[in-house]
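Pasting run_23.cif here (mmCIF, C-alpha atoms):
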```cif
data_work
#
loop_
_atom_site.label_atom_id
_atom_site.label_comp_id
_atom_site.auth_asym_id
_atom_site.auth_seq_id
_atom_site.Cartn_x
_atom_site.Cartn_y
_atom_site.Cartn_z
CA MET M 30 30.52 -4.63 19.09
CA LEU M 31 28.55 -7.37 17.34
CA LEU M 32 26.20 -5.92 14.76
CA ILE M 33 22.97 -7.66 13.75
CA ARG M 34 21.13 -6.51 10.64
CA CYS M 35 17.47 -6.02 11.44
CA PRO M 36 15.52 -6.44 8.16
CA TYR M 37 13.58 -3.28 9.05
CA CYS M 38 16.06 -0.99 10.88
CA GLY M 39 19.45 -1.98 9.43
CA ASP M 40 22.62 -2.71 11.39
CA ARG M 41 22.21 -2.37 15.15
CA ALA M 42 24.18 -3.46 18.18
CA GLU M 43 23.53 -6.92 19.56
CA ILE M 44 22.43 -5.43 22.90
CA GLU M 45 19.18 -4.24 21.26
CA PHE M 46 18.15 -7.78 20.33
CA ALA M 47 16.66 -10.78 22.09
CA ASN M 48 17.17 -14.35 20.91
CA GLY M 49 14.01 -16.36 20.31
CA GLY M 50 15.38 -19.87 19.87
CA GLU M 51 15.48 -22.07 16.80
CA ALA M 52 13.39 -21.00 13.82
CA HIS M 53 11.16 -22.98 11.46
CA ILE M 54 9.64 -25.24 14.12
CA ALA M 55 6.03 -25.76 13.14
CA ARG M 56 3.49 -26.41 15.87
CA PRO M 57 1.51 -29.59 15.12
CA ALA M 58 -1.86 -28.60 13.69
CA ASP M 59 -3.76 -30.92 16.03
CA PRO M 60 -1.85 -31.53 19.29
CA MET M 61 -4.45 -34.07 20.48
CA THR M 62 -3.38 -36.55 17.80
CA GLN M 63 0.25 -36.43 18.95
CA THR M 64 1.86 -39.12 21.06
CA ASP M 65 3.78 -38.00 24.13
CA GLU M 66 7.04 -38.66 22.30
CA GLU M 67 6.01 -36.57 19.29
CA TRP M 68 4.83 -33.74 21.51
CA ALA M 69 8.05 -33.82 23.52
CA GLN M 70 9.95 -33.77 20.23
CA TYR M 71 8.12 -30.59 19.25
CA LEU M 72 8.45 -28.95 22.65
CA TYR M 73 11.98 -29.73 23.69
CA MET M 74 14.16 -31.31 21.03
CA ARG M 75 16.34 -28.85 19.12
CA ASP M 76 19.11 -29.41 16.60
CA ASN M 77 21.90 -27.59 18.49
CA PRO M 78 24.23 -27.77 15.49
CA LYS M 79 27.90 -26.93 15.43
CA GLY M 80 27.74 -24.59 12.47
CA LEU M 81 24.93 -22.75 10.74
CA ILE M 82 21.66 -22.44 12.63
CA ALA M 83 18.43 -20.64 11.71
CA GLU M 84 17.21 -18.69 14.72
CA ARG M 85 14.44 -16.31 15.63
CA TRP M 86 15.56 -12.89 16.88
CA ARG M 87 13.54 -9.96 18.10
CA HIS M 88 14.59 -6.32 17.83
CA ALA M 89 13.43 -5.84 21.42
CA HIS M 90 14.79 -2.30 21.89
CA GLY M 91 13.97 -1.11 18.38
CA CYS M 92 11.12 -1.91 16.04
CA ASN M 93 10.05 -4.85 18.25
CA ARG M 94 9.67 -7.23 15.32
CA PHE M 95 10.67 -10.86 15.14
CA PHE M 96 12.85 -11.93 12.24
CA ASN M 97 14.97 -14.95 11.36
CA ALA M 98 18.73 -15.10 11.11
CA LEU M 99 21.34 -17.58 9.94
CA ARG M 100 24.23 -17.64 12.39
CA ASP M 101 27.31 -19.82 12.74
CA THR M 102 27.35 -21.12 16.31
CA ARG M 103 31.15 -21.49 16.31
CA THR M 104 32.04 -17.95 15.33
CA ASP M 105 28.83 -15.97 16.03
CA ARG M 106 29.00 -14.57 12.52
CA PHE M 107 25.62 -13.76 10.98
CA VAL M 108 25.32 -14.87 7.36
CA THR M 109 21.97 -13.27 6.66
CA THR M 110 18.74 -12.14 8.25
CA TYR M 111 15.30 -12.45 6.69
CA GLU M 112 11.71 -11.69 7.50
CA MET M 113 9.35 -14.04 9.31
CA GLY M 114 7.42 -16.39 7.05
CA GLN M 115 10.15 -16.76 4.46
CA PRO M 116 11.82 -20.15 3.94
CA ARG M 117 15.36 -20.73 5.16
CA PRO M 118 17.63 -19.27 2.43
CA GLU M 119 20.15 -21.47 0.64
CA ILE M 120 23.71 -20.48 1.48
CA ASP M 121 26.54 -21.09 -0.97
CA ALA M 122 29.74 -22.75 0.16
CA ALA M 123 31.76 -19.53 0.05
CA ALA M 124 29.40 -17.71 2.41
CA ALA M 125 29.30 -20.68 4.76
CA ALA M 126 33.09 -20.86 4.79
CA GLU M 127 33.31 -17.13 5.49
CA ALA M 128 30.91 -17.54 8.42
CA ALA M 129 33.02 -20.36 9.84
CA ARG M 130 36.24 -18.40 9.51
CA MET Z 1 9.37 15.16 39.40
CA SER Z 2 10.67 15.04 35.87
CA ASP Z 3 8.06 17.46 34.57
CA THR Z 4 10.23 20.47 35.26
CA MET Z 5 13.55 18.92 34.30
CA GLN Z 6 16.18 21.41 33.23
CA LEU Z 7 19.92 21.20 32.62
CA ALA Z 8 22.23 23.81 31.15
CA ARG Z 9 25.93 23.47 30.47
CA SER Z 10 28.02 25.24 27.89
CA GLY Z 11 27.14 23.57 24.59
CA PHE Z 12 24.41 21.40 26.08
CA THR Z 13 20.93 22.23 27.29
CA LEU Z 14 18.15 19.88 28.28
CA ALA Z 15 14.59 21.01 28.86
CA THR Z 16 11.22 19.35 29.16
CA ALA Z 17 9.50 19.48 25.79
CA ALA Z 18 6.17 21.13 25.16
CA ASP Z 19 3.22 19.09 26.36
CA ARG Z 20 1.93 16.58 23.83
CA ARG Z 21 -0.70 13.89 23.83
CA ARG Z 22 0.91 10.64 22.75
CA PHE Z 23 -0.63 7.63 21.05
CA VAL Z 24 0.84 4.36 19.87
CA LEU Z 25 -0.87 3.17 16.70
CA GLN Z 26 -0.24 -0.41 15.64
CA ALA Z 27 -1.71 -1.79 12.41
CA ARG Z 28 -0.83 -3.25 9.03
CA PRO Z 29 1.16 -0.89 6.74
CA GLY Z 30 -1.86 -0.16 4.52
CA THR Z 31 -3.91 0.78 7.57
CA LEU Z 32 -1.10 3.05 8.78
CA ASP Z 33 -1.27 4.88 5.44
CA ALA Z 34 -5.02 5.28 5.83
CA ALA Z 35 -4.51 6.61 9.35
CA ALA Z 36 -1.93 9.12 8.14
CA ARG Z 37 -4.33 10.38 5.46
CA ALA Z 38 -7.10 10.68 8.04
CA LEU Z 39 -4.74 12.84 10.12
CA GLY Z 40 -3.99 15.12 7.15
CA LEU Z 41 -0.58 13.66 6.23
CA ALA Z 42 0.18 12.50 2.69
CA GLU Z 43 1.09 8.97 3.78
CA ALA Z 44 2.62 7.14 6.70
CA PRO Z 45 6.30 8.11 7.04
CA ALA Z 46 8.88 5.60 5.83
CA MET Z 47 10.59 3.32 8.34
CA LEU Z 48 12.56 5.40 10.92
CA ALA Z 49 11.27 8.65 9.40
CA THR Z 50 8.87 11.26 10.71
CA ALA Z 51 6.08 13.36 9.21
CA SER Z 52 4.41 16.48 10.57
CA GLY Z 53 1.38 18.46 9.61
CA GLY Z 54 -0.95 20.66 11.60
CA ALA Z 55 -1.21 19.43 15.17
CA VAL Z 56 0.16 15.98 14.31
CA THR Z 57 3.66 14.50 14.32
CA ALA Z 58 4.04 10.85 13.34
CA LEU Z 59 7.18 8.83 14.14
CA ARG Z 60 7.52 5.51 12.33
CA LEU Z 61 9.18 3.27 14.91
CA GLY Z 62 8.41 -0.07 13.33
CA PRO Z 63 6.86 -1.58 10.21
CA GLN Z 64 3.59 -1.87 12.13
CA GLU Z 65 4.00 0.92 14.64
CA ILE Z 66 3.64 4.71 14.64
CA LEU Z 67 4.07 7.00 17.62
CA LEU Z 68 1.71 9.98 17.31
CA LEU Z 69 2.47 13.25 19.09
CA LEU Z 70 -0.54 15.53 19.10
CA ASP Z 71 -0.69 19.17 20.09
CA PRO Z 72 -3.23 19.23 22.96
CA ALA Z 73 -5.04 22.15 21.30
CA GLY Z 74 -5.92 20.21 18.13
CA ALA Z 75 -5.81 16.68 19.54
CA GLY Z 76 -9.58 16.29 19.82
CA ASP Z 77 -10.20 17.01 16.13
CA SER Z 78 -7.29 14.79 15.04
CA LEU Z 79 -8.55 11.90 17.15
CA ALA Z 80 -12.07 12.23 15.83
CA ALA Z 81 -10.74 12.19 12.25
CA LEU Z 82 -8.57 9.17 13.05
CA ARG Z 83 -11.47 7.24 14.59
CA THR Z 84 -13.61 7.98 11.53
CA GLY Z 85 -10.84 7.00 9.12
CA LEU Z 86 -10.11 3.71 10.88
CA ASP Z 87 -13.69 2.75 11.58
CA ALA Z 88 -14.16 -1.03 11.12
CA VAL Z 89 -10.45 -1.55 10.32
CA ALA Z 90 -8.36 -3.74 12.61
CA HIS Z 91 -5.91 -1.59 14.54
CA SER Z 92 -4.70 -0.79 18.03
CA LEU Z 93 -4.62 2.79 19.29
CA VAL Z 94 -3.33 3.28 22.83
CA GLU Z 95 -2.85 6.56 24.64
CA VAL Z 96 0.53 6.75 26.40
CA SER Z 97 0.57 10.48 27.20
CA ASP Z 98 1.40 10.05 30.87
CA ARG Z 99 3.75 7.12 30.40
CA GLN Z 100 6.30 9.22 28.58
CA VAL Z 101 8.01 12.54 28.90
CA GLY Z 102 9.66 14.49 26.11
CA LEU Z 103 13.10 16.03 26.58
CA ASP Z 104 14.50 18.64 24.18
CA LEU Z 105 18.29 18.51 23.83
CA SER Z 106 20.23 21.19 22.02
CA GLY Z 107 23.77 22.44 21.66
CA ALA Z 108 27.04 21.54 20.02
CA LEU Z 109 27.79 18.82 22.58
CA VAL Z 110 24.52 16.94 22.15
CA GLU Z 111 26.03 14.51 19.64
CA PRO Z 112 28.98 13.41 21.80
CA ALA Z 113 26.76 13.28 24.88
CA LEU Z 114 24.22 11.02 23.18
CA ALA Z 115 26.99 8.94 21.62
CA SER Z 116 28.12 7.92 25.10
CA LEU Z 117 24.62 6.59 25.90
CA THR Z 118 23.68 4.72 22.74
CA SER Z 119 25.37 2.39 20.28
CA ILE Z 120 23.72 4.18 17.35
CA ASP Z 121 25.84 6.45 15.16
CA VAL Z 122 24.27 9.86 15.86
CA ALA Z 123 26.51 11.83 13.46
CA LEU Z 124 24.52 13.90 10.99
CA PRO Z 125 25.27 11.80 7.85
CA ALA Z 126 24.18 8.57 9.58
CA PHE Z 127 21.33 10.07 11.59
CA PRO Z 128 19.83 12.88 9.47
CA VAL Z 129 17.33 15.48 10.64
CA GLY Z 130 13.88 13.92 10.84
CA MET Z 131 15.09 10.40 11.63
CA ALA Z 132 13.56 8.74 14.68
CA THR Z 133 14.11 5.35 16.25
CA ARG Z 134 13.68 3.49 19.49
CA THR Z 135 16.95 2.39 21.03
CA LEU Z 136 18.74 1.80 24.30
CA LEU Z 137 19.94 4.90 26.16
CA GLY Z 138 22.21 3.55 28.83
CA LYS Z 139 20.11 0.67 30.07
CA ALA Z 140 16.72 2.30 29.47
CA ASP Z 141 14.53 2.20 26.38
CA GLY Z 142 13.96 5.53 24.68
CA VAL Z 143 12.92 7.09 21.39
CA LEU Z 144 15.56 9.26 19.75
CA TRP Z 145 14.37 11.85 17.24
CA ARG Z 146 16.61 14.38 15.50
CA THR Z 147 14.73 17.66 15.11
CA GLY Z 148 17.65 19.77 13.89
CA PRO Z 149 21.40 19.66 13.21
CA GLU Z 150 22.07 20.23 16.91
CA GLN Z 151 18.65 19.39 18.34
CA PHE Z 152 17.29 16.08 19.51
CA ARG Z 153 14.03 15.11 21.12
CA LEU Z 154 13.95 12.17 23.51
CA GLU Z 155 10.66 10.44 24.22
CA ILE Z 156 11.39 8.35 27.29
CA TRP Z 157 9.41 6.70 30.01
CA ARG Z 158 8.69 9.13 32.81
CA SER Z 159 10.34 7.05 35.52
CA PHE Z 160 13.52 6.73 33.43
CA ALA Z 161 13.87 10.51 33.03
CA PRO Z 162 16.06 11.18 36.11
CA TYR Z 163 18.34 8.27 35.14
CA ILE Z 164 18.74 9.31 31.50
CA SER Z 165 19.08 13.03 32.17
CA GLY Z 166 21.67 12.26 34.87
CA LEU Z 167 23.69 10.19 32.41
CA LEU Z 168 23.39 12.95 29.79
CA ASP Z 169 24.56 15.55 32.28
CA GLU Z 170 27.69 13.57 33.09
CA ALA Z 171 28.31 12.78 29.42
CA ALA Z 172 28.01 16.47 28.48
CA ARG Z 173 30.46 17.38 31.25
CA ASP Z 174 32.91 14.79 29.90
CA ALA Z 175 32.40 15.97 26.32
CA ALA Z 176 33.26 19.55 27.29
CA PHE Z 177 36.87 18.58 28.05
#
```
Any chance you could give the structure as structure tokens?
Amino acid sequence: MLLIRCPYCGDRAEIEFANGGEAHIARPADPMTQTDEEWAQYLYMRDNPKGLIAERWRHAHGCNRFFNALRDTRTDRFVTTYEMGQPRPEIDAAAAAEAAR
Amino acid sequence: MSDTMQLARSGFTLATAADRRRFVLQARPGTLDAAARALGLAEAPAMLATASGGAVTALRLGPQEILLLLDPAGAGDSLAALRTGLDAVAHSLVEVSDRQVGLDLSGALVEPALASLTSIDVALPAFPVGMATRTLLGKADGVLWRTGPEQFRLEIWRSFAPYISGLLDEAARDAAF
């Protein structure tokens, strides 16, 4: 059972959560000034890294809140979770290596 | 349909809970505290905790969400106090009385029966009396609230009640072996 730590409810099973895609993607303040390429970049282009990714998750069958999580896409290990609105936390090399293990 | 639901096995009984009016209150944490004071509670319960006083029981299901269970006898007064206390403050108060049904579970086999439906650790040290949370019961959403060492209250959607009580019945039969 994969556990995800909800910042509000604590460790819960993955089945209670819904993935919300990549985090920290800011909507352009004035879409009308955007070129088609810039708008497409905002709408569709994602990093899809092999390694650590910052994602939005929602505790859909719990407190129903969105939060952000750092996950390693190779191993599915979660390094940390943090509340919406906070910047992406810096991860030291040891934690990143542990996530990739 | 589910309003007269009843199950009894050795070590496991399920009965429809006493009628309650139910409200979902969503607001900022400070507003939730103000609402709790208006209802006669000291403050909004902590995350995943419950608070009771008079005709009111408050279940803190999320940082911004409280499920209110009101005794029908005193519900009118409580609601009037709540409306006065939250006047001109941004909040959302929705009545869900008929959406949900309460089920009272009791007996020594309640823990193992529930454990087969949910991924949450329902043992007493991990899930103490007074704790309440929304979770998945089988494949259906439901609120789990421990009211005693061997008593739980489920607040589930009415149409899920036959499904969840059926699963619990089978789980209790398995747990008896």
*Could you tell me which of Z:Asp104, Z:Glu111, Z:Asp141, Z:Glu95 comes closest to chain M if we count only C-alpha atoms?*
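Selected residue with least distance to chain M: Z:Asp141.
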*asked:* Residues of chain M within 9 Å of chain Z, counting all atoms listed in the file - could you list those as a ChimeraX atom specification?
replied: /M:30,37-38,41-42,44-45,89-94
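Once the PyMOL selection byres ((chain Z and resi 165) around 9) is applied to the shown structure, the selection contains Met5, Gln6, Leu7, Leu14, Leu103, Phe160, Ala161, Pro162, Tyr163, Ile164, Gly166, Leu167, Leu168, Asp169 and Glu170 of chain Z.
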*How would you write as a ChimeraX atom specification the residues that get within 9 Å of (-6.3, 10.4, 9.5) in the file's frame, counting all atoms listed in the file?*
/Z:33-41,78-86
*Any idea what the distance is between CA of Pro118 in chain M and CA of Met74 in chain M?*
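So the two atoms, CA of Pro118 in chain M and CA of Met74 in chain M, lie 22.4 Å apart.
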*Output of the PyMOL selection byres ((chain M and resi 113) around 7), listed as a list in words*: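 So the PyMOL selection byres ((chain M and resi 113) around 7) ends up selecting Phe95, Phe96, Asn97, Tyr111, Glu112, Gly114 and Gln115 of chain M.
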Take the selection from the previous step and output its residues with C-alpha atoms, as a short mmCIF file (atom, residue, chain, number, x, y, z; two decimals), keeping the file's coordinate frame.
```
data_model
loop_
_atom_site.label_atom_id
_atom_site.label_comp_id
_atom_site.auth_asym_id
_atom_site.auth_seq_id
_atom_site.Cartn_x
_atom_site.Cartn_y
_atom_site.Cartn_z
CA PHE M 95 10.67 -10.86 15.14
CA PHE M 96 12.85 -11.93 12.24
CA ASN M 97 14.97 -14.95 11.36
CA TYR M 111 15.30 -12.45 6.69
CA GLU M 112 11.71 -11.69 7.50
CA GLY M 114 7.42 -16.39 7.05
CA GLN M 115 10.15 -16.76 4.46
#
```
*Kindly resolve the PyMOL selection byres ((chain M and resi 120) around 12) on the present coordinates and return the residues as a VMD selection string.*
chain M and resid 81 to 83 99 to 101 107 to 110 117 to 119 121 to 128
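Of the residues under consideration (Z:Asp77, Z:Ala51, Z:Leu124, Z:Ala132), Z:Leu124 shows the shortest atom-to-atom contact distance to Pro112 in chain Z when counting all atoms listed in the file.
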*Could you tell me how far CA of Pro116 in chain M lies from CA of Glu51 in chain M, in Å and to one decimal?*
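Between these atoms lies a distance of 13.5 Å.
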*Rounded to one decimal place, report the CA of Phe177 in chain Z-CA of Met131 in chain Z distance in Å.*
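Computed distance, CA of Phe177 in chain Z to CA of Met131 in chain Z, equals 28.5 Å.
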*Which polymer residues, protein or nucleic acid, are no farther than 8 Å from (-2.7, 2.7, 16.4), counting all atoms listed in the file, as an NGL selection string?*
:Z and (23-27 or 32 or 65-66 or 91-94)
*With distances taken over only C-alpha atoms, which of M:Glu84, M:Asp59, M:Asp76, M:Asp105 is nearest to Glu43 in chain M?*
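Using only C-alpha atoms, Glu43 in chain M sits closest to M:Asp105.
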*So which one's closest to Phe46 in chain M, M:Trp68, M:Gly80, M:Arg75, M:Ala98? Using all atoms listed in the file, please.*
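That would be M:Ala98, the residue with the smallest distance to Phe46 in chain M.
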*Identify which of the residues Z:Ala8, Z:Leu154, Z:Ala44, Z:Leu69 lies closest to Leu114 in chain Z, counting all atoms listed in the file when measuring atom-to-atom distances.*
Z:Leu154
